[in-house]
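Structure, as C-alpha cells:
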Amino acid sequence: MFQPSLEIRHLRMLQAMAVTGNVTQAATMLGLTQSALSHQIREAQRRLGVDLFVKGNKRMEMTAAARSLNEEAGRILAQLERVETDVANGASDARQIVRIGCGAYSGYRWLPRFMKGFQEQAEDIDIEVVADATRRPINALIERSIDIAVTSGTPSKAATRSLRLFRDELILIIAPDHPLADRGFIVAEDLADQIYISYSDIAEKGHEYDSFLKPAQVSYRKMLKVELTEAIIELVIGGFGVSILSRWAVGPYLRSGALRAAQVTRKGLFVSWHAVTRKSEGTDCPAWRMATALQHWCETDREAFGHNIGLEHHDPI
C-alpha cells in the first residue's frame with residue numbers, strides 16, 4: 001500500500017515558505033522556532049530525495065519540485081478544512097452550509113431573490129458563494145470545493161446527479177454604436193474581424209465555439225480573456241470588443257440600453273442550465289434539497305435568473 005512521504009505539517013511549511021521566502025518569518029507564521037522549521041525542511045527533503053529550496057539574493061527560492069508540491073498543498077489543505085467543517089456540522093445541531101458555484105458566469109443577481117424564499121422553508125441551511133468555481137464547476141463539485149454547481153456543462157452521470165433548471169439563449173452582445181448593433185442575427189463570418197472577449201480559452205461543449213464557430217471553420221481576429229462577467233460586459237459597452245453570453249447574465253444591461261444584442265444564427269443558439277450535486281450524498285442532503293428548491297423556483301418565478309421562463313417538470317438526470 002502506498003504511503004505518502006509528506007505529512008500535513010510539511011504542506012503547511014511549504015505554504016508558509018511560499019509566502020515569506022524566509023525561514024524565520026515562516027516559523028513565526030506557523031508558531032514554531034526557526035530550528036524546528038529548519039528540521040521540517042530537511043526532513044521533507046530527505047523523505048522526497050529532492051531539494052525544495054535554494055538560496056536566492058534576498059529570499060529562499062522554491063525549486064520546481066517545491067512549486068509543484070505547493071500548488072497541490074493549497075488544494076489538499078483547503079479540502080481537508082472543508083471536510084473537517086462538514087464533519088463538525090454533521091456531528092452537531094449546527095446550521096448546514098451549502099457552497100454554490102455558478103459555471104461560466106460570476107453574476108449572482110438572482111441569488112438574493114432565490115434565498116429569500118428558500119430560507120423560509122430551510123431555516124437550517126446557509127448558502128456560501130464560491131467564486132473560484134466559475135471556470136471548472138464540475139471539477140470543483142467532485143473535489144468538494146462546492147456542493148452545488150449551476151452549470152450549462154454536461155454533468156457526469158457516474159459521479160453526479162442533476163436537475164434541469166431552464167433553457168436559455170446565447171446571444172452576441174455589442175455596444176449600442178457597434179456596426180453589428182442593428183443586425184437581427186449574425187453568422188460566424190461576422191466575427192472574423194472582431195476582438196472577441198471571453199471568460200475562458202477552453203471551448204465548452206454546446207457553447208459558441210463548439211456549436212457556432214468551429215462548424216463554420218471561422219475564428220475571431222483576436223481573443224481577449226477576461227474571467228469576470230461584469231468586466232466582460234463593461235469592456236463590450238466601452239467598445240473594446242464583442243462577446244457571446246447567456247441572455248440571463250446580461251438582461252439588465254439590455255433592458256437599460258447599455259448593451260445591444262444580436263441572435264446567434266437565424267435559429268438561435270441555446271443551452272440548458274442544471275443544478276448539479278454529488279451522487280454519493282443522496283437526495284436527503286442539504287445540497288439536493290437546495291437544488292430541488294432552485295428547480296421549483298425556476299419553474300414558478302417569472303423573474304428567476306432575470307427573465308421569463310416556464311418549464312415543465314424534469315426528472316433527475
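Identifiers for the C-alpha cells are assigned positionally: chains receive A, B, ... in sequence, residues are indexed from 1 per chain, and ligands are indexed from 1 in the order shown.
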Contacts of region 248-263 of chain A at 7 Å or less, counting only C-alpha atoms, minus same-chain residues fewer than 2 places along, as a short mmCIF file (atom, residue, chain, number, x, y, z; two decimals) with N, CA, C and O atoms, in the first residue's frame?
data_model
loop_
_atom_site.label_atom_id
_atom_site.label_comp_id
_atom_site.auth_asym_id
_atom_site.auth_seq_id
_atom_site.Cartn_x
_atom_site.Cartn_y
_atom_site.Cartn_z
N GLY A 107 -21.92 36.31 -12.18
CA GLY A 107 -23.04 37.14 -11.73
C GLY A 107 -23.98 36.36 -10.83
O GLY A 107 -24.38 35.24 -11.14
N ILE A 171 -26.40 34.85 -26.77
CA ILE A 171 -26.56 35.98 -27.69
C ILE A 171 -25.26 36.75 -27.82
O ILE A 171 -24.43 36.78 -26.91
N LEU A 172 -25.08 37.39 -28.96
CA LEU A 172 -23.94 38.28 -29.16
C LEU A 172 -24.27 39.61 -28.49
O LEU A 172 -25.33 40.19 -28.75
N ILE A 173 -23.37 40.09 -27.61
CA ILE A 173 -23.58 41.41 -27.01
C ILE A 173 -22.58 42.39 -27.62
O ILE A 173 -21.42 42.05 -27.85
N ILE A 174 -23.06 43.61 -27.90
CA ILE A 174 -22.28 44.62 -28.57
C ILE A 174 -22.64 45.99 -28.01
O ILE A 174 -23.70 46.16 -27.41
N ALA A 175 -21.75 46.94 -28.19
CA ALA A 175 -22.03 48.31 -27.78
C ALA A 175 -23.13 48.88 -28.68
O ALA A 175 -23.26 48.48 -29.84
N PRO A 176 -23.92 49.82 -28.17
CA PRO A 176 -25.03 50.37 -28.97
C PRO A 176 -24.60 50.99 -30.30
O PRO A 176 -25.38 51.00 -31.25
N ALA A 181 -24.78 46.37 -34.37
CA ALA A 181 -25.86 46.63 -33.41
C ALA A 181 -27.25 46.55 -34.03
O ALA A 181 -28.22 46.24 -33.34
N ARG A 183 -28.12 44.50 -36.49
CA ARG A 183 -28.35 43.20 -37.12
C ARG A 183 -29.31 42.37 -36.27
O ARG A 183 -29.17 42.29 -35.05
N GLY A 184 -30.27 41.74 -36.91
CA GLY A 184 -31.18 40.87 -36.16
C GLY A 184 -30.49 39.60 -35.72
O GLY A 184 -30.75 39.09 -34.63
N PHE A 185 -29.61 39.10 -36.56
CA PHE A 185 -28.84 37.90 -36.20
C PHE A 185 -27.49 37.98 -36.90
O PHE A 185 -27.30 38.73 -37.85
N ILE A 186 -26.54 37.18 -36.41
CA ILE A 186 -25.21 37.15 -37.01
C ILE A 186 -24.90 35.74 -37.51
O ILE A 186 -25.50 34.76 -37.06
N ILE A 237 -19.35 47.30 -23.50
CA ILE A 237 -20.02 48.60 -23.50
C ILE A 237 -19.04 49.70 -23.94
O ILE A 237 -19.41 50.62 -24.67
N LEU A 245 -22.72 35.73 -24.60
CA LEU A 245 -23.05 35.34 -23.24
C LEU A 245 -24.49 34.86 -23.17
O LEU A 245 -25.30 35.12 -24.07
N SER A 246 -24.84 34.21 -22.08
CA SER A 246 -26.20 33.76 -21.86
C SER A 246 -27.10 34.97 -21.58
O SER A 246 -26.71 35.90 -20.89
N THR A 265 -27.04 33.11 -35.24
CA THR A 265 -27.67 32.41 -36.36
C THR A 265 -29.16 32.73 -36.41
O THR A 265 -29.75 33.17 -35.42
N ARG A 266 -29.76 32.45 -37.53
CA ARG A 266 -31.18 32.75 -37.71
C ARG A 266 -32.05 31.95 -36.73
O ARG A 266 -33.09 32.42 -36.27
N GLY A 268 -30.98 30.79 -33.71
CA GLY A 268 -30.60 30.99 -32.32
C GLY A 268 -29.73 29.86 -31.80
O GLY A 268 -29.67 28.76 -32.39
N PHE A 305 -33.66 34.06 -12.52
CA PHE A 305 -32.49 34.25 -13.36
C PHE A 305 -32.66 35.41 -14.35
O PHE A 305 -32.05 35.46 -15.40
N GLY A 306 -33.55 36.36 -13.99
CA GLY A 306 -33.59 37.62 -14.71
C GLY A 306 -34.44 37.65 -15.96
O GLY A 306 -34.45 38.64 -16.68
N HIS A 307 -35.18 36.60 -16.28
CA HIS A 307 -36.05 36.66 -17.44
C HIS A 307 -37.16 35.64 -17.30
O HIS A 307 -37.15 34.80 -16.41
#
Show me, as a short mmCIF file (atom, residue, chain, number, x, y, z; two decimals) with all heavy atoms, in the first residue's frame, the residues that have an atom within 12 Å of Ser152 (chain A) when counting only C-alpha atoms, minus same-chain residues fewer than 4 positions from it.
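Printed below is out.cif as written:
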data_model
loop_
_atom_site.label_atom_id
_atom_site.label_comp_id
_atom_site.auth_asym_id
_atom_site.auth_seq_id
_atom_site.Cartn_x
_atom_site.Cartn_y
_atom_site.Cartn_z
N CYS A 102 -21.36 29.02 -9.71
CA CYS A 102 -22.08 29.19 -10.96
C CYS A 102 -21.10 29.11 -12.13
O CYS A 102 -20.23 29.97 -12.27
CB CYS A 102 -22.80 30.54 -10.96
SG CYS A 102 -23.97 30.73 -12.30
N GLY A 103 -21.19 28.06 -12.91
CA GLY A 103 -20.27 27.86 -14.01
C GLY A 103 -20.42 28.93 -15.08
O GLY A 103 -21.51 29.35 -15.41
N ALA A 104 -19.31 29.36 -15.62
CA ALA A 104 -19.20 30.31 -16.73
C ALA A 104 -19.39 31.76 -16.31
O ALA A 104 -18.65 32.63 -16.75
CB ALA A 104 -20.19 29.98 -17.85
N TYR A 105 -20.35 32.06 -15.45
CA TYR A 105 -20.64 33.46 -15.15
C TYR A 105 -20.48 33.75 -13.67
O TYR A 105 -20.86 32.95 -12.81
CB TYR A 105 -22.05 33.82 -15.60
CG TYR A 105 -22.28 33.52 -17.06
CD1 TYR A 105 -23.31 32.70 -17.47
CD2 TYR A 105 -21.42 34.04 -18.03
CE1 TYR A 105 -23.49 32.40 -18.81
CE2 TYR A 105 -21.59 33.75 -19.37
CZ TYR A 105 -22.64 32.93 -19.75
OH TYR A 105 -22.80 32.62 -21.07
N THR A 134 -16.08 29.13 -10.86
CA THR A 134 -16.67 29.57 -12.13
C THR A 134 -16.11 28.83 -13.33
O THR A 134 -16.84 28.42 -14.23
CB THR A 134 -16.49 31.09 -12.30
OG1 THR A 134 -17.18 31.76 -11.25
CG2 THR A 134 -17.04 31.55 -13.63
N ARG A 135 -14.77 28.64 -13.39
CA ARG A 135 -14.15 28.09 -14.59
C ARG A 135 -14.34 26.59 -14.72
O ARG A 135 -14.50 26.08 -15.82
CB ARG A 135 -12.67 28.44 -14.61
CG ARG A 135 -12.39 29.88 -14.96
CD ARG A 135 -10.93 30.23 -14.82
NE ARG A 135 -10.50 30.21 -13.43
CZ ARG A 135 -9.25 30.41 -13.03
NH1 ARG A 135 -8.31 30.59 -13.92
NH2 ARG A 135 -8.94 30.41 -11.75
N ARG A 136 -14.32 25.84 -13.60
CA ARG A 136 -14.42 24.38 -13.68
C ARG A 136 -15.40 23.90 -12.60
O ARG A 136 -15.02 23.27 -11.61
CB ARG A 136 -13.05 23.75 -13.49
CG ARG A 136 -12.02 24.20 -14.51
CD ARG A 136 -10.63 23.68 -14.18
NE ARG A 136 -10.56 22.23 -14.28
CZ ARG A 136 -9.70 21.48 -13.58
NH1 ARG A 136 -8.87 22.05 -12.72
NH2 ARG A 136 -9.67 20.18 -13.72
N PRO A 137 -16.68 24.18 -12.77
CA PRO A 137 -17.66 23.90 -11.71
C PRO A 137 -17.82 22.42 -11.37
O PRO A 137 -17.96 22.07 -10.20
CB PRO A 137 -18.96 24.51 -12.24
CG PRO A 137 -18.77 24.55 -13.72
CD PRO A 137 -17.31 24.83 -13.95
N ILE A 138 -17.81 21.55 -12.38
CA ILE A 138 -18.00 20.12 -12.10
C ILE A 138 -16.78 19.56 -11.37
O ILE A 138 -16.92 18.77 -10.42
CB ILE A 138 -18.26 19.34 -13.41
CG1 ILE A 138 -19.54 19.85 -14.09
CG2 ILE A 138 -18.39 17.85 -13.11
CD1 ILE A 138 -20.79 19.72 -13.24
N SER A 162 -28.30 15.56 -11.37
CA SER A 162 -28.64 16.94 -11.69
C SER A 162 -30.11 17.12 -11.99
O SER A 162 -30.83 16.18 -12.32
CB SER A 162 -27.80 17.42 -12.89
OG SER A 162 -28.15 16.70 -14.05
N LEU A 163 -30.54 18.37 -11.87
CA LEU A 163 -31.89 18.78 -12.22
C LEU A 163 -31.80 19.89 -13.25
O LEU A 163 -31.01 20.83 -13.09
CB LEU A 163 -32.64 19.30 -10.98
CG LEU A 163 -33.00 18.27 -9.91
CD1 LEU A 163 -33.48 18.97 -8.66
CD2 LEU A 163 -34.08 17.32 -10.43
N ARG A 164 -32.58 19.79 -14.29
CA ARG A 164 -32.59 20.84 -15.30
C ARG A 164 -33.34 22.05 -14.75
O ARG A 164 -34.45 21.92 -14.21
CB ARG A 164 -33.25 20.35 -16.58
CG ARG A 164 -33.14 21.35 -17.71
CD ARG A 164 -33.88 20.85 -18.94
NE ARG A 164 -33.79 21.83 -20.03
CZ ARG A 164 -34.69 21.93 -20.99
NH1 ARG A 164 -35.74 21.14 -20.98
NH2 ARG A 164 -34.54 22.81 -21.94
N LEU A 165 -32.74 23.21 -14.88
CA LEU A 165 -33.33 24.44 -14.36
C LEU A 165 -34.09 25.21 -15.43
O LEU A 165 -35.26 25.54 -15.28
CB LEU A 165 -32.25 25.34 -13.74
CG LEU A 165 -31.49 24.76 -12.56
CD1 LEU A 165 -30.42 25.74 -12.09
CD2 LEU A 165 -32.43 24.38 -11.42
N PHE A 166 -33.41 25.54 -16.53
CA PHE A 166 -34.06 26.28 -17.59
C PHE A 166 -33.21 26.21 -18.86
O PHE A 166 -32.04 25.83 -18.82
CB PHE A 166 -34.30 27.75 -17.20
CG PHE A 166 -33.03 28.51 -16.91
CD1 PHE A 166 -32.39 29.25 -17.88
CD2 PHE A 166 -32.48 28.51 -15.62
CE1 PHE A 166 -31.22 29.96 -17.61
CE2 PHE A 166 -31.32 29.21 -15.33
CZ PHE A 166 -30.69 29.93 -16.32
N ARG A 167 -33.82 26.57 -19.96
CA ARG A 167 -33.16 26.64 -21.26
C ARG A 167 -33.00 28.11 -21.60
O ARG A 167 -33.94 28.88 -21.48
CB ARG A 167 -33.98 25.92 -22.31
CG ARG A 167 -33.35 25.85 -23.71
CD ARG A 167 -34.20 24.92 -24.57
NE ARG A 167 -33.70 24.81 -25.94
CZ ARG A 167 -34.24 25.43 -26.98
NH1 ARG A 167 -35.29 26.24 -26.79
NH2 ARG A 167 -33.75 25.27 -28.19
N ASP A 168 -31.79 28.49 -21.99
CA ASP A 168 -31.53 29.90 -22.23
C ASP A 168 -30.80 30.08 -23.55
O ASP A 168 -30.18 29.16 -24.08
CB ASP A 168 -30.72 30.50 -21.08
CG ASP A 168 -30.70 32.01 -21.12
OD1 ASP A 168 -31.76 32.60 -21.36
OD2 ASP A 168 -29.63 32.59 -20.91
N GLU A 169 -30.85 31.31 -24.06
CA GLU A 169 -30.25 31.62 -25.34
C GLU A 169 -28.89 32.28 -25.16
O GLU A 169 -28.72 33.16 -24.32
CB GLU A 169 -31.16 32.56 -26.13
CG GLU A 169 -30.66 32.87 -27.53
CD GLU A 169 -31.59 33.79 -28.29
OE1 GLU A 169 -32.53 34.35 -27.69
OE2 GLU A 169 -31.37 33.95 -29.51
N LEU A 170 -27.92 31.86 -25.96
CA LEU A 170 -26.64 32.54 -26.05
C LEU A 170 -26.76 33.63 -27.11
O LEU A 170 -27.19 33.35 -28.23
CB LEU A 170 -25.52 31.57 -26.42
CG LEU A 170 -25.21 30.46 -25.42
CD1 LEU A 170 -24.13 29.54 -25.98
CD2 LEU A 170 -24.79 31.02 -24.09
N GLU A 204 -16.20 25.17 -24.47
CA GLU A 204 -17.19 24.37 -23.77
C GLU A 204 -18.11 23.69 -24.77
O GLU A 204 -18.55 24.30 -25.74
CB GLU A 204 -18.02 25.24 -22.84
CG GLU A 204 -17.29 25.72 -21.61
CD GLU A 204 -18.24 26.34 -20.61
OE1 GLU A 204 -19.00 25.58 -19.97
OE2 GLU A 204 -18.25 27.57 -20.49
N LYS A 205 -18.43 22.44 -24.49
CA LYS A 205 -19.31 21.68 -25.37
C LYS A 205 -20.69 22.33 -25.43
O LYS A 205 -21.27 22.64 -24.39
CB LYS A 205 -19.43 20.23 -24.88
CG LYS A 205 -20.20 19.34 -25.84
CD LYS A 205 -20.21 17.90 -25.35
CE LYS A 205 -20.98 17.01 -26.33
NZ LYS A 205 -21.00 15.59 -25.87
N GLY A 206 -21.19 22.55 -26.64
CA GLY A 206 -22.51 23.12 -26.80
C GLY A 206 -22.55 24.63 -26.81
O GLY A 206 -23.59 25.22 -27.08
N HIS A 207 -21.41 25.28 -26.49
CA HIS A 207 -21.38 26.74 -26.47
C HIS A 207 -20.91 27.27 -27.82
O HIS A 207 -20.81 26.54 -28.80
CB HIS A 207 -20.49 27.23 -25.33
CG HIS A 207 -21.20 27.22 -24.01
ND1 HIS A 207 -21.40 28.36 -23.26
CD2 HIS A 207 -21.78 26.22 -23.31
CE1 HIS A 207 -22.06 28.06 -22.16
NE2 HIS A 207 -22.29 26.76 -22.16
N LEU A 245 -22.72 35.73 -24.60
CA LEU A 245 -23.05 35.34 -23.24
C LEU A 245 -24.49 34.86 -23.17
O LEU A 245 -25.30 35.12 -24.07
CB LEU A 245 -22.85 36.51 -22.27
CG LEU A 245 -21.43 37.07 -22.12
CD1 LEU A 245 -21.44 38.26 -21.15
CD2 LEU A 245 -20.46 36.01 -21.64
N SER A 246 -24.84 34.21 -22.08
CA SER A 246 -26.20 33.76 -21.86
C SER A 246 -27.10 34.97 -21.58
O SER A 246 -26.71 35.90 -20.89
CB SER A 246 -26.22 32.80 -20.67
OG SER A 246 -27.40 32.05 -20.64
N PHE A 270 -28.93 27.81 -28.19
CA PHE A 270 -29.50 27.63 -26.86
C PHE A 270 -28.71 26.60 -26.05
O PHE A 270 -28.12 25.67 -26.61
CB PHE A 270 -30.96 27.18 -26.96
CG PHE A 270 -31.85 28.19 -27.64
CD1 PHE A 270 -31.98 28.20 -29.02
CD2 PHE A 270 -32.53 29.13 -26.90
CE1 PHE A 270 -32.78 29.14 -29.66
CE2 PHE A 270 -33.35 30.07 -27.51
CZ PHE A 270 -33.48 30.08 -28.89
N VAL A 271 -28.70 26.80 -24.74
CA VAL A 271 -28.09 25.84 -23.82
C VAL A 271 -29.04 25.61 -22.65
O VAL A 271 -29.87 26.47 -22.34
CB VAL A 271 -26.73 26.34 -23.27
CG1 VAL A 271 -25.69 26.40 -24.36
CG2 VAL A 271 -26.88 27.69 -22.58
N SER A 272 -28.93 24.46 -22.02
CA SER A 272 -29.74 24.15 -20.84
C SER A 272 -28.87 24.23 -19.59
O SER A 272 -27.74 23.74 -19.58
CB SER A 272 -30.33 22.74 -20.95
OG SER A 272 -31.31 22.69 -21.97
N TRP A 273 -29.40 24.85 -18.56
CA TRP A 273 -28.69 25.01 -17.30
C TRP A 273 -29.21 23.99 -16.29
O TRP A 273 -30.41 23.68 -16.26
CB TRP A 273 -28.87 26.43 -16.76
CG TRP A 273 -28.11 27.44 -17.58
CD1 TRP A 273 -28.49 27.99 -18.76
CD2 TRP A 273 -26.82 27.96 -17.28
NE1 TRP A 273 -27.51 28.84 -19.23
CE2 TRP A 273 -26.48 28.85 -18.34
CE3 TRP A 273 -25.93 27.80 -16.22
CZ2 TRP A 273 -25.28 29.55 -18.36
CZ3 TRP A 273 -24.74 28.49 -16.24
CH2 TRP A 273 -24.42 29.36 -17.30
N HIS A 274 -28.30 23.46 -15.47
CA HIS A 274 -28.64 22.43 -14.49
C HIS A 274 -28.11 22.81 -13.10
O HIS A 274 -27.13 23.54 -12.99
CB HIS A 274 -28.01 21.08 -14.87
CG HIS A 274 -28.42 20.57 -16.21
ND1 HIS A 274 -27.80 20.97 -17.38
CD2 HIS A 274 -29.39 19.70 -16.58
CE1 HIS A 274 -28.36 20.36 -18.41
NE2 HIS A 274 -29.32 19.57 -17.94
N ALA A 275 -28.76 22.28 -12.10
CA ALA A 275 -28.22 22.30 -10.74
C ALA A 275 -27.67 20.91 -10.48
O ALA A 275 -28.41 19.92 -10.55
CB ALA A 275 -29.31 22.64 -9.71
N VAL A 276 -26.37 20.81 -10.20
CA VAL A 276 -25.69 19.52 -10.12
C VAL A 276 -25.14 19.32 -8.72
O VAL A 276 -24.55 20.23 -8.13
CB VAL A 276 -24.54 19.45 -11.14
CG1 VAL A 276 -23.98 18.03 -11.23
CG2 VAL A 276 -24.99 19.92 -12.52
#
Point to revise | For CA of Asp126 (chain A) and CA of Ala291 (chain A), the interatomic separation in Å (one decimal) | key: 13.4 Å
Exercise for review: Write out as an NGL selection string all residues of region 22-130 of chain A that backbone DSSP assigns to alpha helix (DSSP H).
Suggested key: :A and (23-30 or 34-48 or 64-90 or 111-121)
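CA of Glu230 (chain A) sits 27.2 Å away from CA of Ala78 (chain A).
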Practice item. Extract, using only C-alpha atoms, all DNA, RNA and protein residues at most 7 Å from region 196-201 of chain A, discarding same-chain residues fewer than 3 positions from it, and format them as a list in words. Key: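 Result of the neighbour search: Tyr220, Lys222, Met223, Leu224, Lys225, Val226, Glu227, Leu228, Ile232, Gly241, Val242 and Ser243 of chain A.
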Practice item. Would you please give, as a VMD selection string, all residues of region 91-248 of chain A that DSSP assigns to strand (DSSP E) based on the backbone? Key: chain A and resid 96 to 102 125 to 129 148 to 151 160 to 174 185 to 186 195 to 198 222 to 225 243 to 246
Check your understanding: What does the distance from CA of Arg75 (chain A) to CA of Ser145 (chain A) come to in Å, to one decimal?
Key ->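 Separation between CA of Arg75 (chain A) and CA of Ser145 (chain A): 9.1 Å.
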